[in-house]
Every structure is written in C-alpha cells, then in structure tokens.
Amino acid sequence: MRQDLEPFSTGSLVFDPFLGLCTLRDSKIESILGREQRFYELEPKSGRPVVKIPAGQMAARGIRPLMSKDEMNLALHHTHPELGLAGEDSSQRMQRWVGLLKSGIQTGVPSILREIRKMNQSGVKLTPKEVDLQETVRNSLRQEIGSVLSLTASKAGLRLNQAIEG
C-alpha cells in the first residue's frame with residue numbers, strides 16, 4: 001500500500017526522543033520487495049549521521065513535530081502523579097520509560113526526568129543504561145526547549161532544570 005500523504009515536510013524540524021532535534025532532509029518513496037514505501041531522512045542536530053526511517057515507524061519511535069510554545073510551557077509545568085512503581089527493577093523502569101518516550105506524549109520526557117531526579121534524591125543508584133537514557137532525553141528536551149522558546153543552550157538547560165525541580 002502506498003502512502004501519498006506526507007505529514008512531515010522537507011526542511012522541517014522534528015523531535016526524536018533518542019536523537020534529539022532533527023532536520024527532515026528528504027522524503028522518498030522507494031520500492032522494496034515490490035512494495036512502495038515512504039522513507040524519511042533525518043539529520044540529527046547533535047552531529048550524528050543521517051538516519052533513514054520508514055514513514056510507518058515514525059510514530060512508533062516517538063518522532064513528532066516540535067511542540068508549539070504553548071504546548072512546551074504546558075509540558076514543562078505539567079506534573080504527573082508519581083510514575084515509579086514500587087518493586088520495579090532497572091529493566092522494568094527502562095522498558096516503561098522507553099515506552100513512554102516512544103508514545104510521543106509531550107509530557108513524557110519531563111516526567112521521566114522528574115522521576116529520575118526523585119530517585120536520585122531518595123538514594124536509588126541508577127544503572128549505566130539508566131544514566132545514558134537520562135542524558136539522552138535531557139539533551140533532546142533541552143534542544144527542543146531552545147528551539148521552541150528561542151533560547152540559547154545554557155538558558156534552555158536552566159529552563160529544563162527549573163521544570164524538573166518544579
């Protein structure tokens with residue numbers, strides 16, 4: 001089945017929770033095993049190589065357009081009830097966090113960072129994978145905050161810290 005509708009336009013910025021801000025460089029329909037499929041080429045702002053993703057996997061990876069200023073302010077001020085589940089081990093937390101990131105829910109990234117902050121405050125030792133995920137999502141959200149709110153990297157980082165500590 002061929003997808004003719006293109007929800008993302010070439011040159012636009014998109015948010016990938018694992019790559020950060022990306023520029024959509026190109027969109028092409030390619031035939032693979034006799035089936036036509038749209039692919040997006042994303043160029044991460046963080047200097048990573050261009051990534052080619054099938055259109056049908058964009059939502060499943062949590063890739064979305066950037067938030068508007070109003071959406072960003074709501075996401076940064078929105079407080080979730082405690083996310084952590086008693087008795088969860090690291091692999092269960094990672095699975096839950098990655099699932100939330102892939103959901104594309106705009107409040108997901110700040111919520112994960114708030115949860116990790118509370119875990120650190122209560123003395124929970126994060127695994128190396130959890131620390132890596134924390135840094136990845138922190139950098140990704142900082143990039144989006146800077147772009148959406150027209151802030152420098154340092155001011156975006158300060159704004160993120162204020163939201164997490166809020």
# chains A, B, ... in the order shown; residues from 1 in each chain; ligands from 1

$ closest_atom_pairs --of "segment 30-106 of chain A" --to "segment 8-21 of chain A" --cutoff "7 Å" --atoms "only C-alpha atoms" --output "JSON lines"
{"residue": "A:Pro44", "atom": "CA", "partner": "A:Leu21", "partner_atom": "CA", "distance": 5.9}
{"residue": "A:Lys45", "atom": "CA", "partner": "A:Leu21", "partner_atom": "CA", "distance": 5.7}
{"residue": "A:Gly62", "atom": "CA", "partner": "A:Asp16", "partner_atom": "CA", "distance": 6.3}
{"residue": "A:Ile63", "atom": "CA", "partner": "A:Asp16", "partner_atom": "CA", "distance": 4.6}
{"residue": "A:Arg64", "atom": "CA", "partner": "A:Phe15", "partner_atom": "CA", "distance": 5.4}
{"residue": "A:Pro65", "atom": "CA", "partner": "A:Val14", "partner_atom": "CA", "distance": 4.6}
{"residue": "A:Leu66", "atom": "CA", "partner": "A:Val14", "partner_atom": "CA", "distance": 5.5}
{"residue": "A:Leu101", "atom": "CA", "partner": "A:Pro17", "partner_atom": "CA", "distance": 6.2}

$ write_last_selection --atoms "all heavy atoms" --output "PDB file, in the first residue's frame"
ATOM      1  N   PRO A  44      20.209  14.512  12.523  1.00  0.00           N
ATOM      2  CA  PRO A  44      20.233  14.995  13.907  1.00  0.00           C
ATOM      3  C   PRO A  44      21.099  16.246  14.051  1.00  0.00           C
ATOM      4  O   PRO A  44      22.143  16.360  13.424  1.00  0.00           O
ATOM      5  CB  PRO A  44      20.830  13.825  14.695  1.00  0.00           C
ATOM      6  CG  PRO A  44      20.600  12.628  13.829  1.00  0.00           C
ATOM      7  CD  PRO A  44      20.697  13.139  12.417  1.00  0.00           C
ATOM      8  N   LYS A  45      20.648  17.177  14.873  1.00  0.00           N
ATOM      9  CA  LYS A  45      21.407  18.403  15.138  1.00  0.00           C
ATOM     10  C   LYS A  45      22.655  18.124  15.963  1.00  0.00           C
ATOM     11  O   LYS A  45      23.565  18.919  15.997  1.00  0.00           O
ATOM     12  CB  LYS A  45      20.535  19.423  15.875  1.00  0.00           C
ATOM     13  CG  LYS A  45      19.399  19.960  15.064  1.00  0.00           C
ATOM     14  CD  LYS A  45      19.908  20.907  14.033  1.00  0.00           C
ATOM     15  CE  LYS A  45      18.740  21.542  13.293  1.00  0.00           C
ATOM     16  NZ  LYS A  45      19.191  22.355  12.190  1.00  0.00           N
ATOM     17  N   GLY A  62       8.299   7.492  18.374  1.00  0.00           N
ATOM     18  CA  GLY A  62       8.027   8.699  19.153  1.00  0.00           C
ATOM     19  C   GLY A  62       8.436   9.967  18.434  1.00  0.00           C
ATOM     20  O   GLY A  62       8.525  11.037  19.040  1.00  0.00           O
ATOM     21  N   ILE A  63       8.693   9.890  17.130  1.00  0.00           N
ATOM     22  CA  ILE A  63       9.091  11.066  16.358  1.00  0.00           C
ATOM     23  C   ILE A  63       7.849  11.899  16.097  1.00  0.00           C
ATOM     24  O   ILE A  63       6.817  11.386  15.672  1.00  0.00           O
ATOM     25  CB  ILE A  63       9.771  10.649  15.043  1.00  0.00           C
ATOM     26  CG1 ILE A  63      11.045   9.871  15.356  1.00  0.00           C
ATOM     27  CG2 ILE A  63      10.076  11.885  14.187  1.00  0.00           C
ATOM     28  CD1 ILE A  63      11.686   9.208  14.157  1.00  0.00           C
ATOM     29  N   ARG A  64       7.966  13.189  16.362  1.00  0.00           N
ATOM     30  CA  ARG A  64       6.824  14.090  16.241  1.00  0.00           C
ATOM     31  C   ARG A  64       7.291  15.477  15.840  1.00  0.00           C
ATOM     32  O   ARG A  64       8.478  15.802  15.978  1.00  0.00           O
ATOM     33  CB  ARG A  64       6.070  14.148  17.571  1.00  0.00           C
ATOM     34  CG  ARG A  64       6.938  14.617  18.715  1.00  0.00           C
ATOM     35  CD  ARG A  64       6.155  14.871  19.984  1.00  0.00           C
ATOM     36  NE  ARG A  64       7.015  15.133  21.118  1.00  0.00           N
ATOM     37  CZ  ARG A  64       7.697  16.243  21.336  1.00  0.00           C
ATOM     38  NH1 ARG A  64       7.649  17.229  20.471  1.00  0.00           N
ATOM     39  NH2 ARG A  64       8.450  16.385  22.412  1.00  0.00           N
ATOM     40  N   PRO A  65       6.352  16.305  15.357  1.00  0.00           N
ATOM     41  CA  PRO A  65       6.713  17.703  15.111  1.00  0.00           C
ATOM     42  C   PRO A  65       7.079  18.375  16.431  1.00  0.00           C
ATOM     43  O   PRO A  65       6.698  17.898  17.511  1.00  0.00           O
ATOM     44  CB  PRO A  65       5.431  18.323  14.548  1.00  0.00           C
ATOM     45  CG  PRO A  65       4.568  17.184  14.154  1.00  0.00           C
ATOM     46  CD  PRO A  65       4.969  16.018  15.000  1.00  0.00           C
ATOM     47  N   LEU A  66       7.806  19.482  16.363  1.00  0.00           N
ATOM     48  CA  LEU A  66       8.141  20.209  17.580  1.00  0.00           C
ATOM     49  C   LEU A  66       6.872  20.737  18.229  1.00  0.00           C
ATOM     50  O   LEU A  66       5.878  21.008  17.565  1.00  0.00           O
ATOM     51  CB  LEU A  66       9.061  21.394  17.269  1.00  0.00           C
ATOM     52  CG  LEU A  66      10.439  21.090  16.727  1.00  0.00           C
ATOM     53  CD1 LEU A  66      11.260  22.377  16.674  1.00  0.00           C
ATOM     54  CD2 LEU A  66      11.153  20.054  17.551  1.00  0.00           C
ATOM     55  N   LEU A 101       8.599   7.266  26.058  1.00  0.00           N
ATOM     56  CA  LEU A 101       9.270   8.080  25.043  1.00  0.00           C
ATOM     57  C   LEU A 101       8.732   7.784  23.654  1.00  0.00           C
ATOM     58  O   LEU A 101       8.499   8.688  22.850  1.00  0.00           O
ATOM     59  CB  LEU A 101      10.777   7.840  25.076  1.00  0.00           C
ATOM     60  CG  LEU A 101      11.503   8.353  26.312  1.00  0.00           C
ATOM     61  CD1 LEU A 101      12.934   7.862  26.323  1.00  0.00           C
ATOM     62  CD2 LEU A 101      11.438   9.868  26.391  1.00  0.00           C
TER      63      LEU A 101
END

$ closest_atom_pairs --of "segment 36-89 of chain A" --to "segment 127-148 of chain A" --cutoff "10 Å" --atoms "only C-alpha atoms" --output "CSV"
residue,atom,partner,partner_atom,distance
A:Lys45,CA,A:Gln143,CA,8.6
A:Ser46,CA,A:Ser140,CA,9.1
A:Leu66,CA,A:Glu144,CA,7.0
A:Met67,CA,A:Val148,CA,6.9
A:Ser68,CA,A:Val148,CA,6.6
A:Lys69,CA,A:Val148,CA,6.0
A:Asp70,CA,A:Val148,CA,9.6
A:Glu71,CA,A:Val148,CA,9.7
A:Met72,CA,A:Ile145,CA,7.2
A:Asn73,CA,A:Ile145,CA,9.3
A:Leu76,CA,A:Ile145,CA,9.3

$ write_last_selection --atoms "N, CA and C atoms" --output "mmCIF file, in the first residue's frame"
data_model
loop_
_atom_site.group_PDB
_atom_site.id
_atom_site.type_symbol
_atom_site.label_atom_id
_atom_site.label_comp_id
_atom_site.auth_asym_id
_atom_site.auth_seq_id
_atom_site.Cartn_x
_atom_site.Cartn_y
_atom_site.Cartn_z
ATOM 1 N N LYS A 45 20.648 17.177 14.873
ATOM 2 C CA LYS A 45 21.407 18.403 15.138
ATOM 3 C C LYS A 45 22.655 18.124 15.963
ATOM 4 N N SER A 46 22.686 16.971 16.628
ATOM 5 C CA SER A 46 23.801 16.650 17.518
ATOM 6 C C SER A 46 25.025 16.122 16.786
ATOM 7 N N LEU A 66 7.806 19.482 16.363
ATOM 8 C CA LEU A 66 8.141 20.209 17.580
ATOM 9 C C LEU A 66 6.872 20.737 18.229
ATOM 10 N N MET A 67 6.932 20.894 19.533
ATOM 11 C CA MET A 67 5.810 21.477 20.256
ATOM 12 C C MET A 67 5.708 22.962 19.918
ATOM 13 N N SER A 68 4.521 23.496 20.068
ATOM 14 C CA SER A 68 4.346 24.947 19.989
ATOM 15 C C SER A 68 4.808 25.531 21.323
ATOM 16 N N LYS A 69 4.906 26.846 21.420
ATOM 17 C CA LYS A 69 5.307 27.475 22.681
ATOM 18 C C LYS A 69 4.319 27.125 23.789
ATOM 19 N N ASP A 70 3.031 27.161 23.484
ATOM 20 C CA ASP A 70 2.018 26.834 24.494
ATOM 21 C C ASP A 70 2.138 25.382 24.939
ATOM 22 N N GLU A 71 2.330 24.481 23.983
ATOM 23 C CA GLU A 71 2.490 23.060 24.327
ATOM 24 C C GLU A 71 3.742 22.842 25.172
ATOM 25 N N MET A 72 4.815 23.551 24.836
ATOM 26 C CA MET A 72 6.058 23.412 25.591
ATOM 27 C C MET A 72 5.865 23.879 27.027
ATOM 28 N N ASN A 73 5.240 25.051 27.195
ATOM 29 C CA ASN A 73 5.021 25.559 28.547
ATOM 30 C C ASN A 73 4.128 24.616 29.349
ATOM 31 N N LEU A 76 6.230 21.529 30.348
ATOM 32 C CA LEU A 76 7.214 21.819 31.383
ATOM 33 C C LEU A 76 6.569 22.080 32.746
#

$ closest_residue --among "A:Ile164, A:Leu74, A:Ile32, A:Leu151" --to "Thr107 of chain A" --atoms "only C-alpha atoms"
A:Leu74

$ select_by_dssp --residues "chain A" --states "helix (DSSP H, G or I)" --output "PyMOL selection string"
chain A and resi 55-57+69-77+90-103+108-121+128-149+153-165

$ atom_distance --atom1 "atom CA of Ile29 of chain A" --atom2 "atom CA of Val98 of chain A"
28.7 Å

$ atom_distance --atom1 "atom CA of Tyr40 of chain A" --atom2 "atom CA of Leu100 of chain A"
22.5 Å

$ residues_around --residues "Val50 of chain A" --least-positions-apart "5" --cutoff "9 Å" --atoms "only C-alpha atoms" --output "ChimeraX atom specification"
/A:25,41-44

$ write_last_selection --atoms "N, CA and C atoms" --output "PDB file, in the first residue's frame"
ATOM      1  N   ARG A  25      15.617  15.967   6.136  1.00  0.00           N
ATOM      2  CA  ARG A  25      16.364  16.316   4.919  1.00  0.00           C
ATOM      3  C   ARG A  25      15.639  15.950   3.652  1.00  0.00           C
ATOM      4  N   GLU A  41      14.484  10.903   5.722  1.00  0.00           N
ATOM      5  CA  GLU A  41      15.884  11.030   6.104  1.00  0.00           C
ATOM      6  C   GLU A  41      15.977  12.141   7.137  1.00  0.00           C
ATOM      7  N   LEU A  42      16.420  11.760   8.336  1.00  0.00           N
ATOM      8  CA  LEU A  42      16.540  12.711   9.434  1.00  0.00           C
ATOM      9  C   LEU A  42      18.011  13.000   9.706  1.00  0.00           C
ATOM     10  N   GLU A  43      18.335  14.273   9.814  1.00  0.00           N
ATOM     11  CA  GLU A  43      19.695  14.681  10.148  1.00  0.00           C
ATOM     12  C   GLU A  43      19.683  15.252  11.566  1.00  0.00           C
ATOM     13  N   PRO A  44      20.209  14.512  12.523  1.00  0.00           N
ATOM     14  CA  PRO A  44      20.233  14.995  13.907  1.00  0.00           C
ATOM     15  C   PRO A  44      21.099  16.246  14.051  1.00  0.00           C
TER      16      PRO A  44
END
